[in-house]
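protein-v7.cif (mmCIF, C-alpha atoms)
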```
data_upload
loop_
_atom_site.group_PDB
_atom_site.id
_atom_site.type_symbol
_atom_site.label_atom_id
_atom_site.label_comp_id
_atom_site.auth_asym_id
_atom_site.auth_seq_id
_atom_site.Cartn_x
_atom_site.Cartn_y
_atom_site.Cartn_z
ATOM 1 C CA MET A 8 35.196 -41.403 -59.675
ATOM 2 C CA LYS A 9 34.343 -41.258 -55.938
ATOM 3 C CA LYS A 10 30.920 -42.630 -55.091
ATOM 4 C CA ILE A 11 28.682 -40.684 -52.676
ATOM 5 C CA ALA A 12 26.260 -42.642 -50.495
ATOM 6 C CA VAL A 13 22.806 -41.106 -50.357
ATOM 7 C CA LYS A 14 20.355 -42.237 -47.690
ATOM 8 C CA THR A 15 16.724 -42.170 -48.689
ATOM 9 C CA ILE A 16 14.328 -41.108 -45.887
ATOM 10 C CA ASN A 17 11.179 -43.165 -45.940
ATOM 11 C CA ARG A 18 7.698 -41.967 -45.132
ATOM 12 C CA GLU A 19 7.735 -43.112 -41.462
ATOM 13 C CA GLU A 20 10.984 -41.276 -40.774
ATOM 14 C CA GLN A 21 9.568 -38.090 -42.327
ATOM 15 C CA ILE A 22 6.513 -38.266 -40.067
ATOM 16 C CA LEU A 23 8.694 -38.885 -36.983
ATOM 17 C CA ALA A 24 10.915 -35.914 -37.839
ATOM 18 C CA ALA A 25 7.877 -33.681 -38.308
ATOM 19 C CA GLU A 26 6.481 -34.776 -34.937
ATOM 20 C CA TRP A 27 9.755 -34.000 -33.190
ATOM 21 C CA LEU A 28 9.874 -30.581 -34.869
ATOM 22 C CA LEU A 29 6.315 -29.864 -33.724
ATOM 23 C CA LEU A 30 7.126 -30.893 -30.135
ATOM 24 C CA LEU A 31 10.234 -28.722 -30.149
ATOM 25 C CA THR A 32 8.216 -25.741 -31.427
ATOM 26 C CA LEU A 33 5.553 -26.230 -28.718
ATOM 27 C CA PHE A 34 8.256 -26.483 -26.054
ATOM 28 C CA VAL A 35 9.864 -23.216 -27.191
ATOM 29 C CA LEU A 36 6.476 -21.469 -27.233
ATOM 30 C CA ALA A 37 5.709 -22.750 -23.708
ATOM 31 C CA ILE A 38 9.016 -21.411 -22.396
ATOM 32 C CA PHE A 39 8.335 -18.065 -24.074
ATOM 33 C CA TYR A 40 4.900 -17.899 -22.411
ATOM 34 C CA LEU A 41 6.294 -18.705 -18.986
ATOM 35 C CA VAL A 42 9.012 -16.088 -19.316
ATOM 36 C CA THR A 43 6.841 -13.269 -20.688
ATOM 37 C CA ALA A 44 3.087 -13.742 -20.379
ATOM 38 C CA ILE A 45 2.817 -14.944 -16.765
ATOM 39 C CA PRO A 46 5.064 -12.264 -15.229
ATOM 40 C CA ALA A 47 3.227 -9.630 -17.278
ATOM 41 C CA ALA A 48 -0.141 -10.881 -16.005
ATOM 42 C CA ALA A 49 1.136 -10.891 -12.431
ATOM 43 C CA GLN A 50 2.410 -7.343 -12.833
ATOM 44 C CA ASP A 51 -0.914 -6.214 -14.281
ATOM 45 C CA ALA A 52 -2.733 -7.734 -11.283
ATOM 46 C CA ALA A 53 -0.343 -6.091 -8.858
ATOM 47 C CA GLU A 54 -0.795 -2.715 -10.558
ATOM 48 C CA ALA A 55 -4.600 -2.952 -10.741
ATOM 49 C CA PRO A 56 -5.958 0.093 -8.879
ATOM 50 C CA ALA A 57 -7.761 -0.646 -5.616
ATOM 51 C CA ASP A 58 -10.786 1.467 -4.715
ATOM 52 C CA PRO A 59 -9.459 4.415 -2.662
ATOM 53 C CA ALA A 60 -12.831 4.693 -0.919
ATOM 54 C CA LEU A 61 -11.978 1.502 0.975
ATOM 55 C CA GLN A 62 -8.607 2.803 2.120
ATOM 56 C CA GLY A 63 -7.617 5.168 4.891
ATOM 57 C CA SER A 64 -10.091 3.770 7.440
ATOM 58 C CA THR A 65 -10.324 0.898 9.847
ATOM 59 C CA TRP A 66 -13.751 -0.641 9.256
ATOM 60 C CA GLN A 67 -15.486 -2.087 12.308
ATOM 61 C CA TRP A 68 -17.992 -4.900 11.810
ATOM 62 C CA GLU A 69 -21.259 -3.847 13.423
ATOM 63 C CA TYR A 70 -24.084 -5.840 11.835
ATOM 64 C CA PHE A 71 -24.805 -9.115 10.003
ATOM 65 C CA ALA A 72 -27.988 -10.387 8.375
ATOM 66 C CA ASP A 73 -28.999 -13.313 6.178
ATOM 67 C CA GLY A 74 -32.283 -15.009 5.381
ATOM 68 C CA VAL A 75 -32.432 -16.620 8.830
ATOM 69 C CA LYS A 76 -30.951 -14.251 11.392
ATOM 70 C CA ALA A 77 -29.883 -10.681 11.961
ATOM 71 C CA MET A 78 -27.526 -9.568 14.712
ATOM 72 C CA GLU A 79 -25.687 -6.501 15.924
ATOM 73 C CA ILE A 80 -21.980 -7.052 16.580
ATOM 74 C CA LEU A 81 -21.328 -5.421 19.937
ATOM 75 C CA ASP A 82 -17.706 -6.551 20.237
ATOM 76 C CA ALA A 83 -15.295 -3.985 18.731
ATOM 77 C CA ASN A 84 -12.653 -6.662 18.042
ATOM 78 C CA TYR A 85 -13.768 -7.377 14.466
ATOM 79 C CA THR A 86 -12.197 -4.942 12.018
ATOM 80 C CA ILE A 87 -10.611 -4.766 8.590
ATOM 81 C CA SER A 88 -8.445 -2.146 6.883
ATOM 82 C CA PHE A 89 -7.426 -2.011 3.222
ATOM 83 C CA SER A 90 -4.051 -0.814 1.930
ATOM 84 C CA GLU A 91 -3.117 0.769 -1.389
ATOM 85 C CA ASP A 92 -0.898 -2.173 -2.335
ATOM 86 C CA GLY A 93 -3.822 -4.623 -2.407
ATOM 87 C CA SER A 94 -3.274 -6.079 1.067
ATOM 88 C CA PHE A 95 -5.656 -6.079 4.005
ATOM 89 C CA HIS A 96 -5.260 -6.361 7.770
ATOM 90 C CA ALA A 97 -8.141 -7.792 9.775
ATOM 91 C CA LYS A 98 -8.772 -8.414 13.449
ATOM 92 C CA ALA A 99 -10.956 -11.441 14.134
ATOM 93 C CA ASP A 100 -11.569 -11.273 17.876
ATOM 94 C CA CYS A 101 -8.282 -12.428 19.456
ATOM 95 C CA ASN A 102 -6.517 -13.170 16.163
ATOM 96 C CA ILE A 103 -4.934 -11.123 13.372
ATOM 97 C CA VAL A 104 -5.535 -12.015 9.710
ATOM 98 C CA LEU A 105 -3.385 -10.766 6.842
ATOM 99 C CA GLY A 106 -4.369 -11.178 3.207
ATOM 100 C CA THR A 107 -4.869 -9.646 -0.215
ATOM 101 C CA TYR A 108 -7.874 -8.194 -2.016
ATOM 102 C CA THR A 109 -8.942 -7.072 -5.476
ATOM 103 C CA THR A 110 -11.860 -4.888 -6.545
ATOM 104 C CA GLU A 111 -13.523 -4.213 -9.879
ATOM 105 C CA ASP A 112 -16.811 -2.472 -10.669
ATOM 106 C CA GLY A 113 -18.313 -3.092 -7.231
ATOM 107 C CA THR A 114 -17.052 -6.663 -6.865
ATOM 108 C CA ILE A 115 -14.484 -7.673 -4.277
ATOM 109 C CA THR A 116 -12.387 -10.774 -3.653
ATOM 110 C CA LEU A 117 -10.654 -11.299 -0.318
ATOM 111 C CA GLN A 118 -7.965 -13.943 0.085
ATOM 112 C CA PRO A 119 -6.977 -14.420 3.745
ATOM 113 C CA GLY A 120 -3.373 -15.482 4.300
ATOM 114 C CA PRO A 121 -1.310 -15.797 7.494
ATOM 115 C CA THR A 122 -3.427 -15.878 10.665
ATOM 116 C CA THR A 123 -2.445 -15.972 14.307
ATOM 117 C CA LEU A 124 -3.715 -19.031 16.158
ATOM 118 C CA ALA A 125 -4.719 -17.797 19.607
ATOM 119 C CA ALA A 126 -7.604 -19.596 21.293
ATOM 120 C CA CYS A 127 -10.464 -17.116 21.413
ATOM 121 C CA PRO A 128 -13.082 -17.367 24.188
ATOM 122 C CA ALA A 129 -16.283 -19.372 23.895
ATOM 123 C CA GLY A 130 -18.924 -17.656 21.799
ATOM 124 C CA SER A 131 -16.359 -15.932 19.590
ATOM 125 C CA LEU A 132 -17.391 -15.099 16.031
ATOM 126 C CA GLU A 133 -13.784 -15.407 14.848
ATOM 127 C CA GLY A 134 -14.386 -18.380 12.532
ATOM 128 C CA ASP A 135 -17.600 -16.929 11.118
ATOM 129 C CA PHE A 136 -15.948 -13.576 10.416
ATOM 130 C CA ILE A 137 -13.005 -15.117 8.553
ATOM 131 C CA ASP A 138 -15.371 -17.350 6.565
ATOM 132 C CA TYR A 139 -17.514 -14.359 5.585
ATOM 133 C CA LEU A 140 -14.428 -12.495 4.367
ATOM 134 C CA LYS A 141 -13.448 -15.458 2.183
ATOM 135 C CA ARG A 142 -16.925 -15.513 0.613
ATOM 136 C CA ALA A 143 -17.263 -11.774 -0.051
ATOM 137 C CA VAL A 144 -18.329 -10.918 -3.613
ATOM 138 C CA ILE A 145 -19.865 -7.421 -3.688
ATOM 139 C CA TYR A 146 -19.241 -4.199 -1.789
ATOM 140 C CA SER A 147 -20.966 -0.832 -1.681
ATOM 141 C CA PHE A 148 -21.418 2.199 0.560
ATOM 142 C CA THR A 149 -24.546 3.482 2.236
ATOM 143 C CA GLU A 150 -25.603 7.134 2.093
ATOM 144 C CA ASP A 151 -24.131 7.705 5.555
ATOM 145 C CA GLY A 152 -20.737 6.265 4.524
ATOM 146 C CA LYS A 153 -20.955 2.761 5.934
ATOM 147 C CA LEU A 154 -19.424 -0.189 4.088
ATOM 148 C CA LEU A 155 -21.578 -3.130 2.994
ATOM 149 C CA ILE A 156 -20.005 -6.444 1.999
ATOM 150 C CA GLU A 157 -22.357 -9.029 0.505
ATOM 151 C CA LEU A 158 -21.994 -12.798 0.262
ATOM 152 C CA PRO A 159 -23.013 -14.797 -2.834
ATOM 153 C CA ALA A 160 -26.594 -15.762 -3.654
ATOM 154 C CA ASP A 161 -28.104 -13.468 -1.000
ATOM 155 C CA SER A 162 -26.569 -15.647 1.722
ATOM 156 C CA GLY A 163 -25.760 -12.693 3.953
ATOM 157 C CA SER A 164 -24.383 -9.185 4.237
ATOM 158 C CA LEU A 165 -22.002 -7.493 6.651
ATOM 159 C CA ARG A 166 -22.142 -3.811 7.585
ATOM 160 C CA PHE A 167 -19.072 -1.898 8.744
ATOM 161 C CA SER A 168 -18.620 1.602 10.116
ATOM 162 C CA ALA A 169 -15.399 3.577 9.814
ATOM 163 C CA GLN A 170 -13.626 3.914 13.132
ATOM 164 C CA PRO A 171 -12.526 7.438 14.011
ATOM 165 C CA GLN A 172 -8.800 8.122 13.626
ATOM 166 C CA ILE A 173 -6.132 10.433 14.938
ATOM 167 C CA SER A 174 -2.951 11.109 12.973
ATOM 168 C CA GLY A 175 0.293 13.042 13.127
ATOM 169 C CA THR A 176 4.063 12.576 13.164
ATOM 170 C CA VAL A 177 6.715 11.291 15.566
ATOM 171 C CA THR A 178 10.177 12.866 15.580
ATOM 172 C CA TYR A 179 13.081 13.950 17.790
ATOM 173 C CA LEU A 180 15.557 16.828 17.695
ATOM 174 C CA GLU A 181 18.826 14.998 18.410
ATOM 175 C CA ARG A 182 21.039 14.505 15.358
ATOM 176 C CA ILE A 183 21.296 10.739 15.829
ATOM 177 C CA ALA A 184 20.507 8.134 13.197
ATOM 178 C CA LEU A 185 18.311 5.207 14.158
ATOM 179 C CA PRO A 186 19.475 1.601 13.694
ATOM 180 C CA GLU A 187 18.232 -0.293 10.646
ATOM 181 C CA LYS A 188 15.479 -2.080 12.596
ATOM 182 C CA THR A 189 13.431 -0.121 15.117
ATOM 183 C CA ALA A 190 9.824 -0.167 16.301
ATOM 184 C CA ILE A 191 7.827 3.018 16.780
ATOM 185 C CA ARG A 192 4.882 2.573 19.164
ATOM 186 C CA VAL A 193 2.311 5.374 19.357
ATOM 187 C CA GLN A 194 -0.597 5.234 21.792
ATOM 188 C CA LEU A 195 -3.788 7.161 22.411
ATOM 189 C CA ILE A 196 -4.386 7.008 26.154
ATOM 190 C CA ASP A 197 -6.971 8.129 28.713
ATOM 191 C CA VAL A 198 -5.192 10.436 31.188
ATOM 192 C CA SER A 199 -8.291 11.484 33.131
ATOM 193 C CA ILE A 200 -7.199 9.878 36.401
ATOM 194 C CA ALA A 201 -3.870 10.892 37.900
ATOM 195 C CA ASP A 202 -1.357 8.489 39.479
ATOM 196 C CA VAL A 203 -2.688 5.394 37.708
ATOM 197 C CA GLU A 204 -1.549 3.653 34.556
ATOM 198 C CA ALA A 205 -3.355 5.338 31.688
ATOM 199 C CA PRO A 206 -5.720 2.986 29.791
ATOM 200 C CA VAL A 207 -4.823 2.568 26.118
ATOM 201 C CA VAL A 208 -7.669 3.556 23.803
ATOM 202 C CA GLY A 209 -5.816 2.819 20.558
ATOM 203 C CA GLU A 210 -2.309 2.254 19.315
ATOM 204 C CA THR A 211 -0.207 1.590 16.251
ATOM 205 C CA ILE A 212 3.246 0.058 15.835
ATOM 206 C CA LEU A 213 5.444 1.070 12.897
ATOM 207 C CA ASN A 214 8.649 -0.582 11.673
ATOM 208 C CA SER A 215 11.364 1.816 10.514
ATOM 209 C CA ASP A 216 13.058 -0.561 8.005
ATOM 210 C CA GLY A 217 15.987 1.833 7.686
ATOM 211 C CA ALA A 218 13.909 5.020 7.497
ATOM 212 C CA GLN A 219 14.558 7.998 9.759
ATOM 213 C CA VAL A 220 12.350 10.545 11.518
ATOM 214 C CA PRO A 221 9.801 11.958 11.097
ATOM 215 C CA PHE A 222 7.391 8.997 11.019
ATOM 216 C CA ALA A 223 3.743 9.529 10.073
ATOM 217 C CA PHE A 224 1.211 7.612 12.164
ATOM 218 C CA THR A 225 -2.526 6.976 12.192
ATOM 219 C CA ILE A 226 -4.370 5.420 15.130
ATOM 220 C CA SER A 227 -7.880 4.023 14.852
ATOM 221 C CA TYR A 228 -10.059 3.739 17.943
ATOM 222 C CA THR A 229 -13.634 2.839 18.767
ATOM 223 C CA GLN A 230 -16.008 5.695 19.481
ATOM 224 C CA ALA A 231 -17.563 3.634 22.257
ATOM 225 C CA ALA A 232 -14.247 3.817 24.161
ATOM 226 C CA ILE A 233 -14.409 7.621 24.328
ATOM 227 C CA GLN A 234 -16.150 8.958 27.415
ATOM 228 C CA GLU A 235 -17.554 12.424 27.831
ATOM 229 C CA LYS A 236 -15.501 14.730 30.091
ATOM 230 C CA HIS A 237 -12.474 12.409 29.940
ATOM 231 C CA THR A 238 -9.079 13.704 28.845
ATOM 232 C CA TYR A 239 -7.014 11.978 26.167
ATOM 233 C CA ALA A 240 -3.395 12.293 25.093
ATOM 234 C CA LEU A 241 -0.759 10.823 22.781
ATOM 235 C CA SER A 242 2.501 9.173 23.792
ATOM 236 C CA ALA A 243 5.208 7.412 21.780
ATOM 237 C CA ARG A 244 8.463 5.515 22.076
ATOM 238 C CA ILE A 245 11.106 4.071 19.764
ATOM 239 C CA SER A 246 12.871 0.797 20.601
ATOM 240 C CA ASP A 247 15.555 -1.206 18.820
ATOM 241 C CA SER A 248 15.200 -4.817 17.635
ATOM 242 C CA ASP A 249 16.211 -6.092 21.090
ATOM 243 C CA GLY A 250 13.538 -4.039 22.823
ATOM 244 C CA LYS A 251 15.953 -1.436 24.192
ATOM 245 C CA LEU A 252 14.292 1.953 24.598
ATOM 246 C CA LEU A 253 15.970 4.604 22.430
ATOM 247 C CA PHE A 254 13.592 7.577 22.456
ATOM 248 C CA VAL A 255 10.447 8.302 24.470
ATOM 249 C CA SER A 256 7.931 11.102 24.940
ATOM 250 C CA ASP A 257 8.570 12.749 28.322
ATOM 251 C CA THR A 258 5.219 14.488 28.360
ATOM 252 C CA HIS A 259 1.737 13.662 27.119
ATOM 253 C CA ILE A 260 0.516 15.455 24.001
ATOM 254 C CA PRO A 261 -3.125 16.567 24.556
ATOM 255 C CA ALA A 262 -5.425 14.994 21.985
ATOM 256 C CA ASP A 263 -8.578 16.922 21.190
ATOM 257 C CA LEU A 264 -10.828 14.239 19.734
ATOM 258 C CA SER A 265 -13.575 16.740 18.984
ATOM 259 C CA GLN A 266 -11.625 17.769 15.874
ATOM 260 C CA THR A 267 -12.851 16.286 12.614
ATOM 261 C CA PRO A 268 -10.557 14.927 11.421
ATOM 262 C CA ALA A 269 -8.156 14.755 14.386
ATOM 263 C CA GLU A 270 -4.866 15.276 12.597
ATOM 264 C CA GLY A 271 -1.658 17.299 12.520
ATOM 265 C CA PHE A 272 -0.369 16.229 15.941
ATOM 266 C CA GLU A 273 3.395 16.250 16.447
ATOM 267 C CA ILE A 274 5.089 14.137 19.115
ATOM 268 C CA ILE A 275 8.693 15.189 19.847
ATOM 269 C CA LEU A 276 10.629 12.496 21.681
ATOM 270 C CA LYS A 277 13.607 12.717 24.019
ATOM 271 C CA LYS A 278 16.616 10.402 24.069
ATOM 272 C CA ALA A 279 16.112 7.686 26.660
ATOM 273 C CA ASN A 280 18.576 7.593 29.571
#
```
Mind turning the file's structure into structure tokens?
Amino acid sequence: MKKIAVKTINREEQILAAEWLLLLTLFVLAIFYLVTAIPAAAQDAAEAPADPALQGSTWQWEYFADGVKAMEILDANYTISFSEDGSFHAKADCNIVLGTYTTEDGTITLQPGPTTLAACPAGSLEGDFIDYLKRAVIYSFTEDGKLLIELPADSGSLRFSAQPQISGTVTYLERIALPEKTAIRVQLIDVSIADVEAPVVGETILNSDGAQVPFAFTISYTQAAIQEKHTYALSARISDSDGKLLFVSDTHIPADLSQTPAEGFEIILKKAN
């Protein structure tokens, strides 16, 4: 009769095997969490609705107060605008700040990201403004529609007013497709004085990213830049990625800024020679 060797597993080996089985189970669970739970949480955060009351305006910083000082912000170069996708675009004096934001039940968190690094003039509030944005915790609106952003522990509050805007579309009649990468520049200009370069009151630059006309635009501008009895107009141009002019407005489109809101303007471009 053939003998069969049987190995007896002692107590220590049983414990070691159980430990290895436990580690393997934990490892599998960790991988499962990384593959499912984290992406789901990220998606939930990305899909969290932002407050639409914040969107659609460029907010200009006009006042700051804390327990020590209070000051009016007379420089119009401090603004912030909020997008539907949870991103924000801010102007801090001579620099541009991009970032993300979340809101929930009157609380707000701003996370500044890429920032240009121009050297702003002496006396600039650039650093203070960016720091205040980082520390924002609560937001609300006043009865007259202004935005309040408060810092923690009553350490300060910022007040913003919505800049006026003008909006419309840019198009052309030629049956020509645009290249994949083009820039659409639309400007609001002061055309009160003939035979001089028209001062730019506000502008926006759009990237086509493969899209074709018409392009919707919105330009924000400061009310302080608008002078009584002056005449304002819209102009636009489309250039390719090398800066070559493709289409341009050959006439100024009168812009009646007394409209509220100023919208529905159409700029029809001509093919550049």
Near stretch 259-275 of chain A, 10 Å: stretch 120-192 of chain A residue rows, closest pairs, only C-alpha atoms, as CSV:
```
residue,atom,partner,partner_atom,distance
A:Pro171,CA,A:Pro268,CA,8.2
A:Gln172,CA,A:Ala269,CA,6.7
A:Ile173,CA,A:Ala269,CA,4.8
A:Ser174,CA,A:Glu270,CA,4.6
A:Gly175,CA,A:Phe272,CA,4.3
A:Thr176,CA,A:Glu273,CA,5.0
A:Val177,CA,A:Ile274,CA,4.8
A:Thr178,CA,A:Ile275,CA,5.1
A:Tyr179,CA,A:Ile275,CA,5.0
A:Leu180,CA,A:Ile275,CA,7.4
```
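Using the PyMOL selection byres ((chain A and resi 217) around 7) on the file at hand returns these residues: A:Pro186, A:Glu187, A:Lys188, A:Ser215, A:Asp216, A:Ala218, A:Gln219.
Checking A:Ala126, A:Val104, A:Leu132, A:Leu154 one by one against A:Ile80, counting all atoms listed in the file, you find the shortest gap at A:Leu132.
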Problem set entry | Residue nearest A:Asn84 - candidates A:Phe254, A:Cys127, A:Ile156, A:Leu105, atoms counted: all atoms listed in the file | A:Cys127
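The residue set within 7 Å of A:Asn214, counting all atoms listed in the file and dropping same-chain residues fewer than 2 places from it, reads Thr189, Ala190, Ile191, Ile212 and Asp216 of chain A.
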For this session: Do a neighbour search on A:Pro159 at 10 Å with only C-alpha atoms, toss out local chain neighbours closer than 3 positions, and write the hits as a ChimeraX atom specification.
Result: /A:142-145,162-164
Problem set entry | Which of A:His237, A:His96, A:Arg244, A:Lys251 sits closest to A:Phe222 [using only C-alpha atoms] |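 Smallest separation from A:Phe222 among the options: A:Arg244.
Here the question is which of A:Ala279, A:Ile226, A:Leu124, A:Val75 gets nearest to A:Asp161 using only C-alpha atoms, and that residue is A:Val75.
A straight line drawn from atom CA of A:Lys277 to atom CA of A:Ile183 is 11.4 Å long.
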Exercise. So how far away is atom CA of A:Thr122 from atom CA of A:Asn102, in Å?
Worked result: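 Taking atom CA of A:Asn102 and atom CA of A:Thr122, their separation equals 6.9 Å.
The smallest atom-to-atom distance between A:Asp73 and any of A:Ala125, A:Ala60, A:Leu165, A:Ala97, using all atoms listed in the file, is found for A:Leu165.
Taking atom CA of A:Tyr239 and atom CA of A:Ile196 as endpoints, the distance between them is 5.6 Å.
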For this session: Please work out which residues fall within 12 Å of (-17.3, -3.1, -12.8), coordinates as given in the file, with only C-alpha atoms counting, and return them as a PyMOL selection string.
Result: chain A and resi 58+109-115+145-147
Exercise. Which residues fall under the PyMOL selection byres ((chain A and resi 207) around 8) in this file, as a ChimeraX atom specification?
Worked result: /A:194-197,205-206,208-210
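With only C-alpha atoms taken into account, every residue lying no more than 7 Å from the file point (-17.9, 2.4, 8.1) is included here: Trp66, Gln67, Gly152, Lys153, Leu154, Phe167, Ser168, Ala169 and Gln170 of chain A.
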Problem set entry | Close residues, A:Phe89 itself excluded, 9 Å, only C-alpha atoms, min 3 positions apart in chain, as a list in words | Ala57, Pro59, Leu61, Gln62, Gly63, Ser64, Thr65, Trp66, Asp92, Gly93, Ser94, Phe95, His96, Ala97, Thr107 and Tyr108 of chain A
Incomplete stretch 135-143 of chain A filled out to all heavy atoms as a PDB file, keeping the file's coordinate frame:
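For reference, selection.pdb as written:
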```pdb
ATOM      1  N   ASP A 135     -16.561 -17.439  12.012  1.00  0.00           N
ATOM      2  CA  ASP A 135     -17.600 -16.929  11.118  1.00  0.00           C
ATOM      3  C   ASP A 135     -17.094 -15.714  10.344  1.00  0.00           C
ATOM      4  O   ASP A 135     -17.300 -15.600   9.131  1.00  0.00           O
ATOM      5  CB  ASP A 135     -18.845 -16.538  11.918  1.00  0.00           C
ATOM      6  CG  ASP A 135     -19.537 -17.730  12.534  1.00  0.00           C
ATOM      7  OD1 ASP A 135     -19.403 -18.847  11.984  1.00  0.00           O
ATOM      8  OD2 ASP A 135     -20.201 -17.558  13.562  1.00  0.00           O
ATOM      9  N   PHE A 136     -16.421 -14.799  11.049  1.00  0.00           N
ATOM     10  CA  PHE A 136     -15.948 -13.576  10.416  1.00  0.00           C
ATOM     11  C   PHE A 136     -14.955 -13.879   9.298  1.00  0.00           C
ATOM     12  O   PHE A 136     -15.058 -13.344   8.187  1.00  0.00           O
ATOM     13  CB  PHE A 136     -15.308 -12.670  11.468  1.00  0.00           C
ATOM     14  CG  PHE A 136     -14.883 -11.325  10.960  1.00  0.00           C
ATOM     15  CD1 PHE A 136     -15.774 -10.494  10.309  1.00  0.00           C
ATOM     16  CD2 PHE A 136     -13.577 -10.883  11.134  1.00  0.00           C
ATOM     17  CE1 PHE A 136     -15.389  -9.248   9.838  1.00  0.00           C
ATOM     18  CE2 PHE A 136     -13.180  -9.636  10.676  1.00  0.00           C
ATOM     19  CZ  PHE A 136     -14.088  -8.817  10.024  1.00  0.00           C
ATOM     20  N   ILE A 137     -13.993 -14.765   9.573  1.00  0.00           N
ATOM     21  CA  ILE A 137     -13.005 -15.117   8.553  1.00  0.00           C
ATOM     22  C   ILE A 137     -13.681 -15.798   7.367  1.00  0.00           C
ATOM     23  O   ILE A 137     -13.356 -15.535   6.203  1.00  0.00           O
ATOM     24  CB  ILE A 137     -11.906 -16.020   9.155  1.00  0.00           C
ATOM     25  CG1 ILE A 137     -11.120 -15.240  10.224  1.00  0.00           C
ATOM     26  CG2 ILE A 137     -10.956 -16.518   8.073  1.00  0.00           C
ATOM     27  CD1 ILE A 137     -10.107 -16.088  10.974  1.00  0.00           C
ATOM     28  N   ASP A 138     -14.647 -16.665   7.645  1.00  0.00           N
ATOM     29  CA  ASP A 138     -15.371 -17.350   6.565  1.00  0.00           C
ATOM     30  C   ASP A 138     -16.144 -16.353   5.709  1.00  0.00           C
ATOM     31  O   ASP A 138     -16.156 -16.454   4.475  1.00  0.00           O
ATOM     32  CB  ASP A 138     -16.334 -18.378   7.164  1.00  0.00           C
ATOM     33  CG  ASP A 138     -17.137 -19.103   6.092  1.00  0.00           C
ATOM     34  OD1 ASP A 138     -16.526 -19.771   5.237  1.00  0.00           O
ATOM     35  OD2 ASP A 138     -18.378 -18.992   6.103  1.00  0.00           O
ATOM     36  N   TYR A 139     -16.782 -15.375   6.343  1.00  0.00           N
ATOM     37  CA  TYR A 139     -17.514 -14.359   5.585  1.00  0.00           C
ATOM     38  C   TYR A 139     -16.570 -13.565   4.680  1.00  0.00           C
ATOM     39  O   TYR A 139     -16.916 -13.251   3.537  1.00  0.00           O
ATOM     40  CB  TYR A 139     -18.235 -13.405   6.535  1.00  0.00           C
ATOM     41  CG  TYR A 139     -19.321 -14.042   7.368  1.00  0.00           C
ATOM     42  CD1 TYR A 139     -19.666 -13.517   8.616  1.00  0.00           C
ATOM     43  CD2 TYR A 139     -20.012 -15.162   6.916  1.00  0.00           C
ATOM     44  CE1 TYR A 139     -20.665 -14.080   9.384  1.00  0.00           C
ATOM     45  CE2 TYR A 139     -21.018 -15.746   7.681  1.00  0.00           C
ATOM     46  CZ  TYR A 139     -21.332 -15.194   8.918  1.00  0.00           C
ATOM     47  OH  TYR A 139     -22.321 -15.768   9.687  1.00  0.00           O
ATOM     48  N   LEU A 140     -15.385 -13.236   5.189  1.00  0.00           N
ATOM     49  CA  LEU A 140     -14.428 -12.495   4.367  1.00  0.00           C
ATOM     50  C   LEU A 140     -14.032 -13.309   3.128  1.00  0.00           C
ATOM     51  O   LEU A 140     -13.919 -12.763   2.027  1.00  0.00           O
ATOM     52  CB  LEU A 140     -13.183 -12.139   5.185  1.00  0.00           C
ATOM     53  CG  LEU A 140     -13.390 -11.184   6.363  1.00  0.00           C
ATOM     54  CD1 LEU A 140     -12.055 -10.899   7.043  1.00  0.00           C
ATOM     55  CD2 LEU A 140     -14.046  -9.887   5.928  1.00  0.00           C
ATOM     56  N   LYS A 141     -13.816 -14.602   3.306  1.00  0.00           N
ATOM     57  CA  LYS A 141     -13.448 -15.458   2.183  1.00  0.00           C
ATOM     58  C   LYS A 141     -14.538 -15.481   1.114  1.00  0.00           C
ATOM     59  O   LYS A 141     -14.252 -15.614  -0.075  1.00  0.00           O
ATOM     60  CB  LYS A 141     -13.212 -16.895   2.662  1.00  0.00           C
ATOM     61  CG  LYS A 141     -11.975 -17.101   3.521  1.00  0.00           C
ATOM     62  CD  LYS A 141     -11.894 -18.558   3.954  1.00  0.00           C
ATOM     63  CE  LYS A 141     -10.714 -18.826   4.859  1.00  0.00           C
ATOM     64  NZ  LYS A 141     -10.692 -20.224   5.351  1.00  0.00           N
ATOM     65  N   ARG A 142     -15.791 -15.357   1.530  1.00  0.00           N
ATOM     66  CA  ARG A 142     -16.925 -15.513   0.613  1.00  0.00           C
ATOM     67  C   ARG A 142     -17.429 -14.188   0.038  1.00  0.00           C
ATOM     68  O   ARG A 142     -18.378 -14.169  -0.742  1.00  0.00           O
ATOM     69  CB  ARG A 142     -18.061 -16.223   1.343  1.00  0.00           C
ATOM     70  CG  ARG A 142     -17.731 -17.662   1.739  1.00  0.00           C
ATOM     71  CD  ARG A 142     -18.718 -18.195   2.772  1.00  0.00           C
ATOM     72  NE  ARG A 142     -20.089 -18.019   2.340  1.00  0.00           N
ATOM     73  CZ  ARG A 142     -21.147 -18.023   3.172  1.00  0.00           C
ATOM     74  NH1 ARG A 142     -20.953 -18.171   4.470  1.00  0.00           N
ATOM     75  NH2 ARG A 142     -22.361 -17.860   2.698  1.00  0.00           N
ATOM     76  N   ALA A 143     -16.801 -13.091   0.402  1.00  0.00           N
ATOM     77  CA  ALA A 143     -17.263 -11.774  -0.051  1.00  0.00           C
ATOM     78  C   ALA A 143     -17.236 -11.668  -1.575  1.00  0.00           C
ATOM     79  O   ALA A 143     -16.284 -12.120  -2.219  1.00  0.00           O
ATOM     80  CB  ALA A 143     -16.404 -10.682   0.567  1.00  0.00           C
TER      81      ALA A 143
END
```
